[in-house]
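Undergrad: Sharing data_30.cif below, mmCIF, C-alpha atoms, pLDDT in the B column; chains and numbers go by the auth columns:
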```cif
data_data
loop_
_atom_site.group_PDB
_atom_site.id
_atom_site.type_symbol
_atom_site.label_atom_id
_atom_site.label_comp_id
_atom_site.label_asym_id
_atom_site.label_seq_id
_atom_site.Cartn_x
_atom_site.Cartn_y
_atom_site.Cartn_z
_atom_site.B_iso_or_equiv
_atom_site.auth_seq_id
_atom_site.auth_asym_id
ATOM 1 C CA MET A 1 0.142 -6.805 -17.823 51.00 1 A
ATOM 2 C CA ALA A 2 1.915 -4.513 -15.378 54.00 2 A
ATOM 3 C CA PRO A 3 5.573 -3.729 -15.996 53.00 3 A
ATOM 4 C CA THR A 4 8.172 -5.361 -13.777 54.00 4 A
ATOM 5 C CA TYR A 5 10.636 -3.158 -11.941 51.00 5 A
ATOM 6 C CA PHE A 6 13.621 -4.121 -9.855 53.00 6 A
ATOM 7 C CA LEU A 7 14.439 -1.529 -7.232 52.00 7 A
ATOM 8 C CA THR A 8 17.413 -1.594 -4.941 54.00 8 A
ATOM 9 C CA GLY A 9 18.398 0.398 -1.906 55.00 9 A
ATOM 10 C CA GLU A 10 17.315 0.623 1.708 56.00 10 A
ATOM 11 C CA ASN A 11 15.006 3.611 1.392 55.00 11 A
ATOM 12 C CA LYS A 12 12.941 2.416 -1.558 58.00 12 A
ATOM 13 C CA MET A 13 9.782 0.377 -1.271 56.00 13 A
ATOM 14 C CA SER A 14 9.386 -2.429 -3.726 60.00 14 A
ATOM 15 C CA TYR A 15 7.370 -1.808 -6.864 65.00 15 A
ATOM 16 C CA THR A 16 4.608 -4.055 -5.590 78.00 16 A
ATOM 17 C CA SER A 17 4.210 -2.097 -2.340 80.00 17 A
ATOM 18 C CA LYS A 18 4.014 1.238 -4.094 83.00 18 A
ATOM 19 C CA GLN A 19 1.672 -0.106 -6.736 89.00 19 A
ATOM 20 C CA MET A 20 -0.551 -1.761 -4.155 89.00 20 A
ATOM 21 C CA LYS A 21 -0.855 1.463 -2.162 89.00 21 A
ATOM 22 C CA SER A 22 -1.663 3.403 -5.327 93.00 22 A
ATOM 23 C CA ASP A 23 -4.253 0.840 -6.377 93.00 23 A
ATOM 24 C CA LEU A 24 -5.851 0.876 -2.938 94.00 24 A
ATOM 25 C CA TRP A 25 -6.142 4.674 -3.004 95.00 25 A
ATOM 26 C CA ASP A 26 -7.709 4.449 -6.465 96.00 26 A
ATOM 27 C CA ILE A 27 -10.204 1.922 -5.142 95.00 27 A
ATOM 28 C CA TYR A 28 -10.936 4.090 -2.105 96.00 28 A
ATOM 29 C CA TYR A 29 -11.735 7.141 -4.235 96.00 29 A
ATOM 30 C CA LYS A 30 -13.872 5.100 -6.630 96.00 30 A
ATOM 31 C CA LEU A 31 -15.810 3.700 -3.690 96.00 31 A
ATOM 32 C CA GLN A 32 -16.252 7.201 -2.323 96.00 32 A
ATOM 33 C CA GLU A 33 -17.626 8.401 -5.664 97.00 33 A
ATOM 34 C CA ALA A 34 -19.954 5.408 -5.797 96.00 34 A
ATOM 35 C CA GLY A 35 -21.336 6.233 -2.356 97.00 35 A
ATOM 36 C CA ALA A 36 -19.956 3.201 -0.545 96.00 36 A
ATOM 37 C CA SER A 37 -20.432 2.925 3.195 96.00 37 A
ATOM 38 C CA LYS A 38 -17.842 4.164 5.657 95.00 38 A
ATOM 39 C CA ALA A 39 -17.203 0.583 6.775 96.00 39 A
ATOM 40 C CA VAL A 40 -16.093 -0.417 3.280 96.00 40 A
ATOM 41 C CA LYS A 41 -13.873 2.636 2.865 95.00 41 A
ATOM 42 C CA TYR A 42 -12.369 2.144 6.331 96.00 42 A
ATOM 43 C CA ALA A 43 -11.605 -1.482 5.432 96.00 43 A
ATOM 44 C CA ILE A 44 -9.488 -0.261 2.508 96.00 44 A
ATOM 45 C CA ILE A 45 -7.630 2.116 4.833 95.00 45 A
ATOM 46 C CA ASP A 46 -7.111 -0.747 7.315 96.00 46 A
ATOM 47 C CA VAL A 47 -5.466 -2.798 4.576 94.00 47 A
ATOM 48 C CA MET A 48 -3.109 0.103 3.818 93.00 48 A
ATOM 49 C CA VAL A 49 -2.203 0.489 7.496 94.00 49 A
ATOM 50 C CA LEU A 50 -1.551 -3.231 7.883 93.00 50 A
ATOM 51 C CA ARG A 51 0.619 -3.208 4.766 90.00 51 A
ATOM 52 C CA ASP A 52 2.655 -0.298 6.159 90.00 52 A
ATOM 53 C CA LYS A 53 3.121 -2.133 9.462 93.00 53 A
ATOM 54 C CA GLU A 54 4.333 -5.235 7.618 89.00 54 A
ATOM 55 C CA GLU A 55 6.863 -3.127 5.707 87.00 55 A
ATOM 56 C CA GLU A 56 8.105 -1.570 8.967 89.00 56 A
ATOM 57 C CA GLU A 57 8.466 -5.012 10.574 90.00 57 A
ATOM 58 C CA LYS A 58 10.479 -6.253 7.593 87.00 58 A
ATOM 59 C CA LYS A 59 12.796 -3.237 7.859 85.00 59 A
ATOM 60 C CA GLU A 60 13.273 -3.820 11.598 85.00 60 A
ATOM 61 C CA GLU A 61 14.087 -7.492 11.020 83.00 61 A
ATOM 62 C CA VAL A 62 16.716 -6.580 8.448 82.00 62 A
ATOM 63 C CA GLU A 63 18.300 -4.010 10.761 78.00 63 A
ATOM 64 C CA CYS A 64 18.587 -6.487 13.672 71.00 64 A
#
```
I need this file expressed as structure tokens, please.

TA:
Amino acid sequence: MAPTYFLTGENKMSYTSKQMKSDLWDIYYKLQEAGASKAVKYAIIDVMVLRDKEEEEKKEEVEC
């Protein structure tokens, strides 16, 4: 079971966001080593981009 962290502050991403990004990069590199298609690898990158956009939108909502 993954450890639980409670982070505070405006400039810090939550543990889950950082962990998710790290896990997605791990998956990407494992897929690359396994010879996965570009479409599959690009899908992982798309998920990371969407996650970043969601984080930005949350920050903008808080600032408004």

Undergrad: Could you give me, as JSON, numbers by chain, the residues within 12 Å of Asp52 of chain A, counting only C-alpha atoms and dropping anything in the same chain fewer than 4 positions from it?

TA: {"A": [13, 17, 18, 20, 21, 45, 46, 47, 48, 56, 57, 58, 59]}

Undergrad: Mind pulling up the distance from atom CA of Lys53 of chain A to atom CA of Glu33 of chain A?

TA: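 Value for the atom CA of Glu33 of chain A-atom CA of Lys53 of chain A distance: 27.8 Å.
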
Undergrad: To one decimal place, how far is atom CA of Leu50 of chain A from atom CA of Ile27 of chain A in Å?

TA: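 Atom CA of Leu50 of chain A sits 16.5 Å away from atom CA of Ile27 of chain A.
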
Undergrad: Can you tell me how far atom CA of Leu24 of chain A sits from atom CA of Ala36 of chain A, in Å to one decimal?

TA: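 Pair atom CA of Leu24 of chain A / atom CA of Ala36 of chain A returns 14.5 Å.
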
Undergrad: Which residues, named as in the file, does the PyMOL selection byres ((chain A and resi 41) around 9) pick out? Answer as a list in words.

TA: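 What the PyMOL selection byres ((chain A and resi 41) around 9) grabs from the file is Ile27, Tyr28, Tyr29, Leu31, Gln32, Ala36, Ser37, Lys38, Ala39, Val40, Tyr42, Ala43, Ile44, Ile45 and Asp46 of chain A.
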